[in-house]
file model31.pdb (PDB, C-alpha atoms)
MODEL        1
ATOM      1  CA  MET X 737      66.650 -26.938 -33.183
ATOM      2  CA  ILE X 738      67.556 -29.734 -30.776
ATOM      3  CA  ARG X 739      69.305 -28.632 -27.596
ATOM      4  CA  GLU X 740      71.474 -31.036 -25.664
ATOM      5  CA  THR X 741      71.080 -30.887 -21.898
ATOM      6  CA  PRO X 742      74.396 -29.864 -20.291
ATOM      7  CA  PRO X 743      75.900 -32.537 -18.011
ATOM      8  CA  PHE X 744      75.540 -30.396 -14.884
ATOM      9  CA  LEU X 745      71.793 -30.181 -15.481
ATOM     10  CA  ARG X 746      71.429 -33.935 -16.121
ATOM     11  CA  THR X 747      72.939 -34.652 -12.711
ATOM     12  CA  ALA X 748      70.849 -32.124 -10.787
ATOM     13  CA  GLY X 749      69.097 -33.495  -7.722
ATOM     14  CA  ALA X 750      65.347 -33.721  -7.315
ATOM     15  CA  SER X 751      65.228 -30.632  -5.112
ATOM     16  CA  ALA X 752      66.978 -28.512  -7.746
ATOM     17  CA  LEU X 753      64.549 -29.749 -10.384
ATOM     18  CA  ALA X 754      61.595 -28.984  -8.116
ATOM     19  CA  ALA X 755      62.950 -25.474  -7.535
ATOM     20  CA  LEU X 756      63.372 -25.030 -11.284
ATOM     21  CA  ALA X 757      59.760 -26.090 -11.873
ATOM     22  CA  LEU X 758      58.555 -23.665  -9.203
ATOM     23  CA  ALA X 759      60.628 -20.827 -10.624
ATOM     24  CA  THR X 760      59.336 -21.551 -14.132
ATOM     25  CA  ALA X 761      55.763 -21.332 -12.883
ATOM     26  CA  LEU X 762      56.516 -18.060 -11.098
ATOM     27  CA  ALA X 763      58.197 -16.616 -14.181
ATOM     28  CA  ALA X 764      55.079 -17.313 -16.237
ATOM     29  CA  ALA X 765      52.843 -15.548 -13.729
ATOM     30  CA  PRO X 766      51.303 -12.149 -14.492
ATOM     31  CA  GLY X 767      53.679  -9.276 -13.844
ATOM     32  CA  ALA X 768      56.704 -11.485 -14.465
ATOM     33  CA  SER X 769      58.817  -8.837 -16.173
ATOM     34  CA  ALA X 770      61.013  -6.157 -14.642
ATOM     35  CA  ASP X 771      59.806  -4.471 -11.460
ATOM     36  CA  GLU X 772      59.697  -0.740 -12.147
ATOM     37  CA  SER X 773      59.468   0.095  -8.429
ATOM     38  CA  ASN X 774      62.807  -1.554  -7.560
ATOM     39  CA  ALA X 775      65.453   1.073  -6.855
ATOM     40  CA  PRO X 776      68.922   0.820  -5.297
ATOM     41  CA  PRO X 777      69.046   1.581  -1.569
ATOM     42  CA  ALA X 778      69.871   5.192  -0.703
ATOM     43  CA  GLY X 779      73.608   5.784  -0.632
ATOM     44  CA  SER X 780      74.438   2.563  -2.463
ATOM     45  CA  SER X 781      76.374   2.185  -5.671
ATOM     46  CA  PRO X 782      74.689   0.155  -8.411
ATOM     47  CA  VAL X 783      78.084  -0.652  -9.975
ATOM     48  CA  CYS X 784      78.679  -4.358 -10.532
ATOM     49  CA  ALA X 785      82.349  -5.285 -10.239
ATOM     50  CA  PHE X 786      82.417  -8.897  -9.081
ATOM     51  CA  TYR X 787      83.128 -10.825 -12.308
ATOM     52  CA  ASP X 788      83.641 -10.029 -15.990
ATOM     53  CA  GLY X 789      83.559 -13.404 -17.760
ATOM     54  CA  ALA X 790      80.928 -15.622 -19.322
ATOM     55  CA  ALA X 791      81.298 -18.998 -17.571
ATOM     56  CA  PRO X 792      78.048 -20.929 -17.069
ATOM     57  CA  THR X 793      76.384 -20.006 -13.798
ATOM     58  CA  VAL X 794      73.527 -22.135 -12.473
ATOM     59  CA  PHE X 795      71.113 -22.706  -9.624
ATOM     60  CA  GLY X 796      72.844 -23.692  -6.379
ATOM     61  CA  GLU X 797      76.168 -21.968  -7.070
ATOM     62  CA  GLN X 798      77.715 -19.312  -4.840
ATOM     63  CA  GLY X 799      80.386 -16.698  -5.340
ATOM     64  CA  ASP X 800      81.445 -13.742  -7.442
ATOM     65  CA  ARG X 801      79.809 -14.936 -10.690
ATOM     66  CA  VAL X 802      76.467 -15.216  -8.903
ATOM     67  CA  SER X 803      76.937 -11.801  -7.268
ATOM     68  CA  GLN X 804      77.615 -10.328 -10.719
ATOM     69  CA  VAL X 805      74.448 -11.872 -12.172
ATOM     70  CA  GLN X 806      72.404 -10.684  -9.190
ATOM     71  CA  CYS X 807      73.804  -7.154  -9.327
ATOM     72  CA  MET X 808      73.087  -6.811 -13.037
ATOM     73  CA  LEU X 809      69.573  -8.210 -12.543
ATOM     74  CA  ALA X 810      68.992  -5.760  -9.675
ATOM     75  CA  ASN X 811      70.247  -2.871 -11.829
ATOM     76  CA  ARG X 812      67.729  -3.926 -14.468
ATOM     77  CA  ARG X 813      64.968  -4.261 -11.836
ATOM     78  CA  TYR X 814      64.490  -8.009 -12.131
ATOM     79  CA  LEU X 815      65.746  -8.728  -8.609
ATOM     80  CA  PRO X 816      65.393  -6.700  -5.399
ATOM     81  CA  TRP X 817      68.652  -5.293  -4.063
ATOM     82  CA  GLU X 818      68.280  -7.141  -0.768
ATOM     83  CA  ALA X 819      68.474 -10.423  -2.746
ATOM     84  CA  VAL X 820      72.041  -9.695  -3.950
ATOM     85  CA  ASN X 821      73.791 -12.192  -1.676
ATOM     86  CA  GLY X 822      76.071 -14.310  -3.888
ATOM     87  CA  THR X 823      73.835 -17.402  -3.747
ATOM     88  CA  PHE X 824      71.993 -18.599  -6.869
ATOM     89  CA  ASP X 825      68.712 -19.334  -5.094
ATOM     90  CA  THR X 826      65.118 -19.606  -6.309
ATOM     91  CA  ARG X 827      64.689 -15.808  -6.331
ATOM     92  CA  THR X 828      67.713 -15.460  -8.584
ATOM     93  CA  LEU X 829      66.544 -18.324 -10.788
ATOM     94  CA  THR X 830      63.147 -16.676 -11.246
ATOM     95  CA  ALA X 831      64.777 -13.317 -12.032
ATOM     96  CA  VAL X 832      67.095 -14.929 -14.617
ATOM     97  CA  GLN X 833      64.146 -16.662 -16.287
ATOM     98  CA  ARG X 834      62.153 -13.421 -16.376
ATOM     99  CA  PHE X 835      65.107 -11.567 -17.891
ATOM    100  CA  GLN X 836      65.578 -14.320 -20.476
ATOM    101  CA  ALA X 837      61.859 -14.311 -21.360
ATOM    102  CA  ASP X 838      62.012 -10.540 -21.914
ATOM    103  CA  HIS X 839      65.092 -10.804 -24.188
ATOM    104  CA  PRO X 840      64.436 -13.150 -27.106
ATOM    105  CA  PRO X 841      65.959 -15.230 -28.580
ATOM    106  CA  LEU X 842      67.115 -16.265 -25.094
ATOM    107  CA  VAL X 843      65.424 -19.389 -23.778
ATOM    108  CA  PRO X 844      64.044 -18.886 -20.234
ATOM    109  CA  ASP X 845      65.859 -21.926 -18.814
ATOM    110  CA  GLY X 846      67.545 -20.200 -15.855
ATOM    111  CA  LEU X 847      71.047 -21.076 -17.095
ATOM    112  CA  VAL X 848      73.327 -18.040 -17.281
ATOM    113  CA  GLY X 849      75.477 -19.106 -20.220
ATOM    114  CA  PRO X 850      77.379 -17.024 -22.791
ATOM    115  CA  GLN X 851      74.237 -15.713 -24.541
ATOM    116  CA  THR X 852      72.583 -14.640 -21.279
ATOM    117  CA  TRP X 853      75.814 -13.067 -20.030
ATOM    118  CA  SER X 854      76.057 -11.119 -23.282
ATOM    119  CA  ALA X 855      72.447  -9.927 -22.988
ATOM    120  CA  LEU X 856      73.000  -8.902 -19.352
ATOM    121  CA  TRP X 857      76.079  -6.879 -20.313
ATOM    122  CA  ARG X 858      74.211  -5.182 -23.188
ATOM    123  CA  ALA X 859      70.868  -4.548 -21.427
TER     124      ALA X 859
ENDMDL
END
call {"tool": "encode", "arguments": {"input": "model31.pdb", "output": "structure tokens"}}
result
Amino acid sequence: MIRETPPFLRTAGASALAALALATALAAAPGASADESNAPPAGSSPVCAFYDGAAPTVFGEQGDRVSQVQCMLANRRYLPWEAVNGTFDTRTLTAVQRFQADHPPLVPDGLVGPQTWSALWRA
């Protein structure tokens, strides 16, 4: 199957591509799957109520969609709770890739598109 690169990825700057390469290497490292020791902070609510759509969400973005991705990843122990900050940074990218790698047939590309959103909602 040939996949076309989305336009927003073709225009990514060198720093974003370098971050993607770093995150890919980290995702392939031993112990790359969910962190079983990650638990919500005492007194917090692990409910994610920032966004309920499926629009593409990518490295470098900020806002409610990113907060939703981060919250769901934290609930599933792929991202520490202190990293839920609404910014799609390298930690979030690595967590997305780890989640995708653990949920075939998702491709661990770090893009939170409709298939990844669906898997996050179902996981």
call {"tool": "closest_residue", "arguments": {"input": "model31.pdb", "among": "X:Leu815, X:Val805, X:Ala791, X:Ala785", "to": "Gly849 (chain X)", "atoms": "only C-alpha atoms"}}
result
X:Ala791
call {"tool": "atom_distance", "arguments": {"input": "model31.pdb", "atom1": "CA of Gly846 (chain X)", "atom2": "CA of Thr830 (chain X)"}}
result
7.3 Å
call {"tool": "resolve_selection", "arguments": {"input": "model31.pdb", "expression": "the PyMOL selection byres ((chain X and resi 795-804) around 9)", "output": "CSV table (one decimal) with C-alpha atoms, keeping the file's coordinate frame"}}
result
chain,number,residue,atom,x,y,z
X,752,ALA,CA,67.0,-28.5,-7.7
X,755,ALA,CA,63.0,-25.5,-7.5
X,756,LEU,CA,63.4,-25.0,-11.3
X,784,CYS,CA,78.7,-4.4,-10.5
X,785,ALA,CA,82.3,-5.3,-10.2
X,786,PHE,CA,82.4,-8.9,-9.1
X,787,TYR,CA,83.1,-10.8,-12.3
X,788,ASP,CA,83.6,-10.0,-16.0
X,789,GLY,CA,83.6,-13.4,-17.8
X,790,ALA,CA,80.9,-15.6,-19.3
X,791,ALA,CA,81.3,-19.0,-17.6
X,792,PRO,CA,78.0,-20.9,-17.1
X,793,THR,CA,76.4,-20.0,-13.8
X,794,VAL,CA,73.5,-22.1,-12.5
X,805,VAL,CA,74.4,-11.9,-12.2
X,806,GLN,CA,72.4,-10.7,-9.2
X,807,CYS,CA,73.8,-7.2,-9.3
X,808,MET,CA,73.1,-6.8,-13.0
X,809,LEU,CA,69.6,-8.2,-12.5
X,820,VAL,CA,72.0,-9.7,-4.0
X,821,ASN,CA,73.8,-12.2,-1.7
X,822,GLY,CA,76.1,-14.3,-3.9
X,823,THR,CA,73.8,-17.4,-3.7
X,824,PHE,CA,72.0,-18.6,-6.9
X,825,ASP,CA,68.7,-19.3,-5.1
X,826,THR,CA,65.1,-19.6,-6.3
X,828,THR,CA,67.7,-15.5,-8.6
X,829,LEU,CA,66.5,-18.3,-10.8
X,846,GLY,CA,67.5,-20.2,-15.9
X,847,LEU,CA,71.0,-21.1,-17.1
call {"tool": "atom_distance", "arguments": {"input": "model31.pdb", "atom1": "CA of Glu818 (chain X)", "atom2": "CA of Pro840 (chain X)"}}
result
27.3 Å
call {"tool": "atom_distance", "arguments": {"input": "model31.pdb", "atom1": "CA of Trp857 (chain X)", "atom2": "CA of Asn811 (chain X)"}}
result
11.0 Å
call {"tool": "closest_residue", "arguments": {"input": "model31.pdb", "among": "X:Pro816, X:Trp853, X:Ala810, X:Val783", "to": "His839 (chain X)", "atoms": "only C-alpha atoms"}}
result
X:Trp853
